[in-house]
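Chemist: As input, take entry08.csv (CSV, C-alpha atoms):
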```csv
chain,number,residue,atom,x,y,z
A,147,MET,CA,-204.2,-253.2,-70.3
A,148,ILE,CA,-205.9,-251.6,-73.3
A,149,THR,CA,-209.5,-251.7,-74.4
A,150,PHE,CA,-211.1,-250.1,-77.5
A,151,ASN,CA,-214.9,-249.8,-77.3
A,152,ARG,CA,-216.7,-248.8,-80.5
A,153,VAL,CA,-213.9,-246.4,-81.5
A,154,SER,CA,-214.0,-244.5,-84.8
A,155,LYS,CA,-211.6,-242.1,-86.5
A,156,ILE,CA,-212.4,-239.9,-89.6
A,157,PHE,CA,-209.8,-238.4,-91.9
A,158,ASN,CA,-211.0,-236.0,-94.6
A,159,GLY,CA,-214.5,-237.2,-94.4
A,160,LYS,CA,-213.5,-240.9,-94.7
A,161,ALA,CA,-213.5,-243.4,-91.9
A,162,ALA,CA,-210.1,-244.8,-91.2
A,163,ILE,CA,-211.4,-246.7,-88.1
A,164,SER,CA,-215.0,-247.8,-87.9
A,165,ASN,CA,-216.7,-248.8,-84.6
A,166,LEU,CA,-213.5,-250.6,-83.5
A,167,SER,CA,-213.6,-252.8,-80.4
A,168,LEU,CA,-210.6,-254.9,-79.2
A,169,HIS,CA,-208.7,-255.8,-76.1
A,170,ILE,CA,-205.0,-256.2,-75.4
A,171,GLU,CA,-204.1,-258.2,-72.4
A,172,LYS,CA,-201.5,-257.1,-69.8
A,173,GLY,CA,-198.1,-258.8,-70.4
A,174,SER,CA,-199.0,-260.0,-73.9
A,175,PHE,CA,-197.0,-259.5,-77.1
A,176,THR,CA,-199.8,-258.4,-79.4
A,177,VAL,CA,-199.3,-257.8,-83.1
A,178,LEU,CA,-201.6,-255.7,-85.3
A,179,ILE,CA,-201.5,-257.0,-88.9
A,180,GLY,CA,-203.4,-256.3,-92.0
A,181,THR,CA,-203.2,-254.9,-95.6
A,182,SER,CA,-202.1,-251.4,-96.3
A,183,GLY,CA,-204.7,-248.9,-95.2
A,184,SER,CA,-206.4,-251.4,-92.8
A,185,GLY,CA,-206.0,-248.9,-89.9
A,186,LYS,CA,-203.4,-250.7,-87.8
A,187,SER,CA,-200.9,-247.8,-87.5
A,188,THR,CA,-203.8,-245.4,-86.8
A,189,THR,CA,-205.0,-247.8,-84.1
A,190,LEU,CA,-201.5,-247.8,-82.5
A,191,LYS,CA,-201.2,-244.1,-82.5
A,192,MET,CA,-204.5,-243.6,-80.9
A,193,ILE,CA,-203.3,-245.5,-77.8
A,194,ASN,CA,-200.7,-242.8,-76.9
A,195,ARG,CA,-202.8,-240.0,-78.4
A,196,LEU,CA,-200.5,-239.1,-81.3
A,197,THR,CA,-203.8,-239.4,-83.1
A,198,GLU,CA,-207.0,-238.5,-81.2
A,199,HIS,CA,-210.0,-240.7,-81.7
A,200,ASP,CA,-213.3,-239.1,-82.7
A,201,SER,CA,-215.8,-241.3,-80.9
A,202,GLY,CA,-216.0,-244.3,-78.6
A,203,GLU,CA,-213.7,-244.9,-75.7
A,204,ILE,CA,-210.1,-246.1,-75.3
A,205,SER,CA,-209.0,-247.2,-71.9
A,206,PHE,CA,-205.4,-247.7,-70.7
A,207,ALA,CA,-205.0,-249.7,-67.4
A,208,GLY,CA,-208.7,-249.2,-66.8
A,209,GLU,CA,-208.8,-245.4,-67.3
A,210,PRO,CA,-210.2,-243.6,-70.3
A,211,ILE,CA,-207.2,-241.9,-72.0
A,212,GLU,CA,-209.1,-238.7,-72.9
A,213,GLN,CA,-209.3,-238.1,-69.1
A,214,MET,CA,-205.5,-238.5,-68.7
A,215,ASP,CA,-202.9,-235.8,-69.1
A,216,VAL,CA,-201.3,-236.5,-72.5
A,217,ARG,CA,-197.8,-236.1,-71.2
A,218,ALA,CA,-198.3,-238.3,-68.2
A,219,LEU,CA,-199.9,-240.9,-70.5
A,220,ARG,CA,-196.9,-240.9,-72.9
A,221,ARG,CA,-194.4,-241.2,-70.1
A,222,ARG,CA,-196.0,-244.5,-69.2
A,223,ILE,CA,-195.7,-245.7,-72.8
A,224,GLY,CA,-192.5,-246.4,-74.8
A,225,TYR,CA,-192.7,-245.8,-78.6
A,226,ALA,CA,-190.4,-247.2,-81.3
A,227,ILE,CA,-190.8,-246.6,-85.0
A,228,GLN,CA,-189.2,-247.7,-88.3
A,229,SER,CA,-187.4,-244.4,-88.9
A,230,ILE,CA,-185.9,-244.6,-85.4
A,231,GLY,CA,-185.8,-240.8,-85.0
A,232,LEU,CA,-182.6,-240.6,-83.0
A,233,PHE,CA,-181.3,-237.1,-82.3
A,234,PRO,CA,-178.3,-236.8,-84.7
A,235,HIS,CA,-176.4,-234.3,-82.5
A,236,TRP,CA,-176.7,-236.4,-79.3
A,237,ASN,CA,-174.6,-239.4,-78.6
A,238,VAL,CA,-176.1,-242.8,-77.9
A,239,ALA,CA,-176.1,-242.4,-74.1
A,240,ARG,CA,-177.9,-239.0,-74.3
A,241,ASN,CA,-180.4,-240.4,-76.8
A,242,ILE,CA,-181.3,-243.3,-74.5
A,243,ALA,CA,-181.6,-240.9,-71.6
A,244,THR,CA,-184.1,-238.6,-73.3
A,245,VAL,CA,-187.2,-239.6,-71.2
A,246,PRO,CA,-185.5,-240.3,-67.9
A,247,ALA,CA,-183.9,-236.8,-68.1
A,248,LEU,CA,-187.3,-235.2,-68.8
A,249,LEU,CA,-188.6,-237.1,-65.7
A,250,GLY,CA,-185.8,-235.7,-63.6
A,251,TRP,CA,-184.0,-238.9,-62.8
A,252,PRO,CA,-180.7,-238.4,-61.0
A,253,ALA,CA,-177.6,-238.8,-63.1
A,254,GLN,CA,-176.4,-242.0,-61.4
A,255,LYS,CA,-179.7,-243.7,-62.0
A,256,ILE,CA,-179.7,-242.6,-65.6
A,257,ASN,CA,-176.2,-243.9,-66.1
A,258,THR,CA,-177.1,-247.2,-64.5
A,259,ARG,CA,-180.1,-247.6,-66.7
A,260,ILE,CA,-178.1,-246.8,-69.9
A,261,ALA,CA,-175.6,-249.5,-69.0
A,262,GLU,CA,-178.4,-252.0,-68.3
A,263,LEU,CA,-180.1,-251.4,-71.6
A,264,LEU,CA,-176.9,-251.6,-73.6
A,265,THR,CA,-176.3,-255.0,-72.1
A,266,LEU,CA,-179.9,-256.1,-72.6
A,267,LEU,CA,-179.8,-255.2,-76.3
A,268,ASN,CA,-176.4,-256.7,-76.8
A,269,LEU,CA,-174.8,-253.4,-77.6
A,270,ASP,CA,-171.1,-252.7,-76.8
A,271,PRO,CA,-170.8,-250.2,-73.9
A,272,GLN,CA,-168.2,-248.3,-75.9
A,273,LEU,CA,-171.0,-247.3,-78.3
A,274,ALA,CA,-172.5,-245.0,-75.6
A,275,THR,CA,-170.2,-242.1,-76.7
A,276,ARG,CA,-170.8,-242.5,-80.4
A,277,TYR,CA,-173.3,-240.6,-82.5
A,278,PRO,CA,-176.1,-242.1,-84.7
A,279,HIS,CA,-174.2,-241.6,-88.0
A,280,GLN,CA,-171.4,-243.7,-86.6
A,281,LEU,CA,-173.6,-246.7,-86.0
A,282,SER,CA,-174.9,-249.4,-88.4
A,283,GLY,CA,-178.6,-249.6,-89.2
A,284,GLY,CA,-179.1,-252.5,-86.8
A,285,GLN,CA,-177.3,-250.7,-84.0
A,286,GLN,CA,-179.4,-247.5,-84.5
A,287,GLN,CA,-182.6,-249.6,-84.3
A,288,ARG,CA,-181.4,-251.2,-81.1
A,289,VAL,CA,-180.6,-247.8,-79.6
A,290,GLY,CA,-184.1,-246.7,-80.7
A,291,VAL,CA,-185.6,-249.6,-78.8
A,292,ALA,CA,-183.4,-248.8,-75.8
A,293,ARG,CA,-184.6,-245.3,-75.7
A,294,ALA,CA,-188.2,-246.5,-75.8
A,295,LEU,CA,-187.5,-248.8,-72.8
A,296,ALA,CA,-185.4,-246.3,-70.9
A,297,ALA,CA,-188.0,-245.1,-68.4
A,298,ASP,CA,-189.3,-248.6,-67.8
A,299,PRO,CA,-192.7,-248.0,-69.4
A,300,GLU,CA,-195.7,-250.2,-68.7
A,301,LEU,CA,-196.4,-250.5,-72.4
A,302,LEU,CA,-194.2,-250.5,-75.5
A,303,LEU,CA,-195.7,-249.5,-78.9
A,304,MET,CA,-193.7,-250.4,-82.0
A,305,ASP,CA,-194.7,-249.3,-85.5
A,306,GLU,CA,-193.0,-251.4,-88.2
A,307,PRO,CA,-189.8,-251.1,-86.1
A,308,PHE,CA,-187.7,-253.6,-88.2
A,309,GLY,CA,-188.9,-252.8,-91.7
A,310,ALA,CA,-185.8,-250.9,-92.8
A,311,LEU,CA,-183.3,-253.6,-91.6
A,312,ASP,CA,-181.7,-256.3,-93.7
A,313,PRO,CA,-182.9,-259.9,-93.1
A,314,VAL,CA,-180.1,-260.9,-90.7
A,315,ASN,CA,-180.4,-257.8,-88.5
A,316,ARG,CA,-184.1,-258.0,-88.7
A,317,GLN,CA,-184.3,-261.6,-87.4
A,318,ALA,CA,-181.7,-260.9,-84.7
A,319,LEU,CA,-183.6,-257.9,-83.4
A,320,GLN,CA,-186.9,-259.8,-83.5
A,321,GLN,CA,-185.4,-262.4,-81.3
A,322,GLU,CA,-184.0,-259.8,-78.9
A,323,MET,CA,-187.4,-258.2,-78.5
A,324,LEU,CA,-189.0,-261.5,-77.9
A,325,ARG,CA,-186.4,-262.3,-75.2
A,326,ILE,CA,-186.8,-258.9,-73.6
A,327,GLN,CA,-190.6,-259.2,-73.5
A,328,ARG,CA,-190.5,-262.6,-71.9
A,329,LEU,CA,-187.9,-261.5,-69.4
A,330,SER,CA,-189.8,-258.4,-68.4
A,331,GLY,CA,-193.4,-259.4,-68.8
A,332,ARG,CA,-193.9,-256.0,-70.4
A,333,THR,CA,-197.0,-255.5,-72.6
A,334,VAL,CA,-195.9,-254.9,-76.3
A,335,VAL,CA,-198.1,-253.9,-79.2
A,336,LEU,CA,-196.4,-254.1,-82.6
A,337,VAL,CA,-197.6,-253.2,-86.0
A,338,THR,CA,-196.4,-255.1,-89.1
A,339,HIS,CA,-197.4,-256.1,-92.5
A,340,ASP,CA,-195.0,-259.1,-92.5
A,341,ILE,CA,-196.9,-262.3,-91.8
A,342,ASP,CA,-193.8,-264.3,-90.8
A,343,GLU,CA,-192.7,-261.6,-88.4
A,344,ALA,CA,-196.2,-261.5,-86.8
A,345,LEU,CA,-196.2,-265.3,-86.4
A,346,ALA,CA,-192.7,-265.3,-84.9
A,347,LEU,CA,-193.5,-262.7,-82.3
A,348,ALA,CA,-197.1,-262.7,-81.4
A,349,ASP,CA,-198.9,-264.5,-78.6
A,350,GLN,CA,-202.0,-262.5,-79.7
A,351,LEU,CA,-202.8,-261.5,-83.3
A,352,ILE,CA,-205.3,-258.8,-84.3
A,353,LEU,CA,-206.0,-259.0,-88.0
A,354,MET,CA,-207.6,-255.8,-89.4
A,355,ASP,CA,-209.3,-254.8,-92.6
A,356,ASN,CA,-211.0,-251.5,-93.5
A,357,GLY,CA,-210.6,-250.1,-90.0
A,358,GLU,CA,-212.2,-253.1,-88.3
A,359,VAL,CA,-211.0,-256.2,-86.5
A,360,VAL,CA,-211.6,-259.3,-88.6
A,361,GLN,CA,-210.3,-261.8,-86.1
A,362,GLN,CA,-208.4,-261.7,-82.8
A,363,GLY,CA,-206.7,-264.6,-81.0
A,364,ALA,CA,-203.6,-266.8,-80.7
A,365,PRO,CA,-201.7,-267.2,-84.0
A,366,VAL,CA,-202.6,-271.0,-84.2
A,367,THR,CA,-206.3,-270.1,-83.8
A,368,LEU,CA,-206.2,-267.7,-86.8
A,369,LEU,CA,-204.4,-270.3,-88.9
A,370,THR,CA,-206.5,-273.3,-88.0
A,371,GLN,CA,-209.9,-271.7,-87.2
A,372,PRO,CA,-210.2,-268.7,-89.6
A,373,VAL,CA,-213.6,-267.0,-89.2
A,374,ASN,CA,-213.9,-266.3,-93.0
A,375,ASP,CA,-212.3,-266.5,-96.4
A,376,PHE,CA,-210.5,-263.2,-95.9
A,377,VAL,CA,-208.5,-264.7,-92.9
A,378,ARG,CA,-207.8,-267.9,-94.9
A,379,ASN,CA,-206.6,-266.0,-97.9
A,380,PHE,CA,-204.6,-263.4,-95.9
A,381,PHE,CA,-202.4,-266.1,-94.3
A,382,GLY,CA,-202.3,-268.1,-97.6
A,383,ARG,CA,-204.2,-271.3,-98.0
A,384,SER,CA,-201.2,-273.0,-99.8
A,385,GLU,CA,-198.7,-272.0,-97.1
A,386,LEU,CA,-200.8,-273.1,-94.1
A,387,GLY,CA,-198.6,-276.1,-93.2
A,388,ILE,CA,-195.4,-274.1,-93.3
A,389,ARG,CA,-196.8,-271.3,-91.2
A,390,LEU,CA,-198.1,-273.8,-88.6
A,391,LEU,CA,-194.6,-275.2,-88.4
A,392,ALA,CA,-193.3,-271.7,-87.7
A,393,LEU,CA,-195.3,-271.7,-84.4
A,394,GLY,CA,-193.6,-274.8,-83.0
A,395,GLN,CA,-190.0,-275.2,-81.6
A,396,ALA,CA,-187.5,-278.0,-82.1
A,397,GLY,CA,-187.0,-278.3,-78.3
A,398,SER,CA,-190.7,-279.0,-77.7
A,399,ALA,CA,-190.9,-281.7,-80.4
A,400,ALA,CA,-187.6,-283.4,-79.8
A,401,ARG,CA,-187.6,-287.0,-78.5
A,402,ARG,CA,-186.1,-287.1,-75.0
A,403,GLY,CA,-183.6,-289.8,-74.1
A,404,GLU,CA,-182.3,-290.1,-77.7
A,405,TRP,CA,-179.0,-288.8,-79.1
A,406,ILE,CA,-177.0,-289.0,-82.4
A,407,ASP,CA,-173.6,-287.7,-83.2
A,408,ALA,CA,-174.2,-284.8,-85.7
A,409,GLU,CA,-174.2,-281.1,-85.6
A,410,PRO,CA,-177.0,-280.1,-83.2
A,411,ILE,CA,-179.7,-277.5,-83.7
A,412,ALA,CA,-180.9,-275.0,-81.1
A,413,ALA,CA,-184.0,-275.8,-79.1
A,414,ALA,CA,-185.4,-272.4,-79.9
A,415,LEU,CA,-185.3,-273.1,-83.7
A,416,SER,CA,-188.7,-273.1,-85.2
A,417,LEU,CA,-190.0,-276.3,-86.8
A,418,ARG,CA,-190.1,-274.4,-90.0
A,419,GLU,CA,-186.4,-273.7,-89.7
A,420,ALA,CA,-185.8,-277.3,-88.7
A,421,LEU,CA,-187.5,-278.4,-91.9
A,422,SER,CA,-185.0,-276.4,-93.8
A,423,GLN,CA,-182.1,-278.1,-91.9
A,424,PHE,CA,-183.5,-281.5,-92.7
A,425,ILE,CA,-183.6,-280.8,-96.4
A,426,ALA,CA,-180.2,-279.0,-96.5
A,427,ARG,CA,-178.5,-281.8,-94.7
A,428,GLY,CA,-180.3,-284.6,-96.4
A,429,THR,CA,-181.1,-286.3,-93.1
A,430,ASP,CA,-184.2,-287.4,-91.2
A,431,LYS,CA,-182.8,-286.9,-87.7
A,432,LEU,CA,-181.4,-283.8,-85.9
A,433,PRO,CA,-179.9,-283.6,-82.4
A,434,VAL,CA,-181.2,-280.7,-80.3
A,435,ILE,CA,-179.5,-278.7,-77.6
A,436,ASP,CA,-180.6,-276.0,-75.2
A,437,GLN,CA,-179.1,-272.5,-74.5
A,438,GLN,CA,-176.5,-274.1,-72.2
A,439,GLN,CA,-175.4,-276.5,-74.9
A,440,GLN,CA,-176.9,-279.4,-73.0
A,441,ARG,CA,-178.5,-282.3,-74.9
A,442,ILE,CA,-182.3,-282.3,-75.1
A,443,GLY,CA,-183.0,-285.1,-77.6
A,444,VAL,CA,-183.4,-285.9,-81.2
A,445,LEU,CA,-185.9,-284.4,-83.6
A,446,HIS,CA,-187.2,-286.8,-86.3
A,447,PHE,CA,-188.5,-285.6,-89.7
A,448,SER,CA,-191.7,-287.5,-89.0
A,449,ASP,CA,-192.1,-285.4,-85.8
A,450,LEU,CA,-193.1,-282.5,-88.0
A,451,LEU,CA,-196.2,-284.4,-89.0
A,452,ARG,CA,-197.5,-285.2,-85.5
A,453,PRO,CA,-199.7,-283.0,-83.4
A,454,TRP,CA,-197.8,-280.3,-81.5
A,455,SER,CA,-198.6,-277.2,-79.4
A,456,ALA,CA,-197.3,-273.7,-80.3
A,457,ASN,CA,-194.8,-272.1,-77.9
```
Would you give me this structure, written as C-alpha cells?
Modeler:
Amino acid sequence: MITFNRVSKIFNGKAAISNLSLHIEKGSFTVLIGTSGSGKSTTLKMINRLTEHDSGEISFAGEPIEQMDVRALRRRIGYAIQSIGLFPHWNVARNIATVPALLGWPAQKINTRIAELLTLLNLDPQLATRYPHQLSGGQQQRVGVARALAADPELLLMDEPFGALDPVNRQALQQEMLRIQRLSGRTVVLVTHDIDEALALADQLILMDNGEVVQQGAPVTLLTQPVNDFVRNFFGRSELGIRLLALGQAGSAARRGEWIDAEPIAAALSLREALSQFIARGTDKLPVIDQQQQRIGVLHFSDLLRPWSAN
C-alpha cells in the first residue's frame, strides 16, 4: 500500500527524516512509535502530502505520490488527529458529510453513510443534529473518526487520535478502531508514543529514532527478537513478560471442554488483563465466554506461563 524509498526531509537545515525506507502492507494496522522528535508524525504527514518530502520516493498503491494530484490523493485517504478539528458551527451530520459533499455524493447516499457510521462507532443516531460543543470528548473523537471514514477511504491515517481522552474512553475507542479495521480490512497507519496502545492495536510496528527506522515487524518480534539495545530499552527490559501477555487473548489460551461456576471473562480480554483478574479475585482459574456469551473453556493461571501465539 505504501512504500518509502530513501526518503529525507529537512527543517531549518536539520534532518527530521534521514534516508528513510519502509513498507506498509495493504490491510494492515501499522503503528509508528518512537520517542518525541523521532520523526513519526512527519512520516505520517508525508503520506498525504501535508508535509512534502525533499528527496527519495514515496509510493501509494504503486504510484509515486508526487505525480498524483494532491486533492485526488487526499480524497483516497482519511485523516484523524488528536485535536479532532470538527467544525464548531456545523452539526454532527454535516461534519461527517464533509468529504462526501465535496465529492458530490447525492444527499440520500450521504444520509445513508452518516447513519452507517453512527451505528459503526456506537453513536446514538440522535446525536446527528447536535453540535460539537454539545458532545463529550469521547463522542467528539468518534465523530472525528467517522468523518475520516465517511468517503470510504483506502487508507486511514491517525496521528495520536486518542491522546486527549480519559483512560476509559481511550480504551473503548481503541477497541472500536480495532473492530472496524478487522471488519473492513482497511489499511490503517497510526502514530502514538504510548507503548501499550501500540501493542494493543498493531499487527505491524515501526519503531523510529532520529528520523530512521530502527526495527519493523510484528509486535511479538520486536519484543522477543530486538535488533539492538535501543529496542530492548524502549520496550522495557523489566516489563517484557507483561507486554508479551498483552499480545495474547484469553480465548486462545483457555482450555476447551472445561467449565467452572464463576463470573466469566471475555475471550477478547488480553492475557495481561486476565492476570489482573486472577490477582484481584485470588483464584487460579477463570471461565471464558465469547461475544455471544457462549462458553469457551477455562483459563488456568499456569496457562500464562506456557507458549502462546499473539492474536
Chemist: Considering all atoms listed in the file, can you say which of A:Pro246, A:Pro252, A:Pro278, A:Gly159 comes closest to Asp200 (chain A)?
Modeler: A:Gly159
Chemist: Within 8 Å of Asn151 (chain A), counting only C-alpha atoms, which residues show up once you throw out same-chain ones fewer than 2 positions away? Write them as an NGL selection string, please.
Modeler: :A and (149 or 153 or 165-168 or 202-204)
Chemist: Create the file for the chosen residues now, containing C-alpha atoms and written as a CSV table (one decimal), in the coordinates of the input.
Modeler:
```
chain,number,residue,atom,x,y,z
A,149,THR,CA,-209.5,-251.7,-74.4
A,153,VAL,CA,-213.9,-246.4,-81.5
A,165,ASN,CA,-216.7,-248.8,-84.6
A,166,LEU,CA,-213.5,-250.6,-83.5
A,167,SER,CA,-213.6,-252.8,-80.4
A,168,LEU,CA,-210.6,-254.9,-79.2
A,202,GLY,CA,-216.0,-244.3,-78.6
A,203,GLU,CA,-213.7,-244.9,-75.7
A,204,ILE,CA,-210.1,-246.1,-75.3
```
Chemist: Of the candidates A:Gln361, A:Ala239, A:Asn257, A:Leu369, which one gets nearest to Leu273 (chain A) if we count all atoms listed in the file?
Modeler: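 The closest residue to Leu273 (chain A) is A:Ala239.
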Chemist: Please provide the set of residues having any atom within 8 Å of region 431-440 of chain A, restricted to all atoms listed in the file, with same-chain residues fewer than 2 positions apart removed, written as JSON, numbers by chain.
Modeler: {"A": [396, 397, 400, 405, 406, 407, 408, 409, 410, 411, 412, 413, 414, 424, 429, 442, 443, 444, 445, 446, 447]}
Chemist: Nearest to Glu306 (chain A): which of A:Ser187, A:Asn356, A:Gln327, A:Thr181 is it, counting all atoms listed in the file?
Modeler: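 Closest candidate: A:Ser187.
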Chemist: Taking all atoms listed in the file into account, which of A:Val289, A:Ile170, A:Val359, A:Ala296 comes nearest Leu232 (chain A)?
Modeler: A:Val289
Chemist: If you count only C-alpha atoms, which residues fall within 12 Å of Leu393 (chain A), apart from same-chain ones fewer than 5 positions away, as a PyMOL selection string?
Modeler: chain A and resi 342-349+364-370+386-388+398-399+414-420+450+454-457
Chemist: Counting all atoms listed in the file, which of A:His235, A:Lys255, A:His339, A:His199 gets nearest to Leu178 (chain A)?
Modeler: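 Of A:His235, A:Lys255, A:His339, A:His199, the one nearest Leu178 (chain A), counting all atoms listed in the file, is A:His339.
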Chemist: When distances are computed from only C-alpha atoms, which of A:Ala274, A:Glu262, A:Phe380, A:Gly331 shows the smallest separation from Leu301 (chain A)?
Modeler: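 Answer, going by the shortest atom-to-atom distance: A:Gly331.
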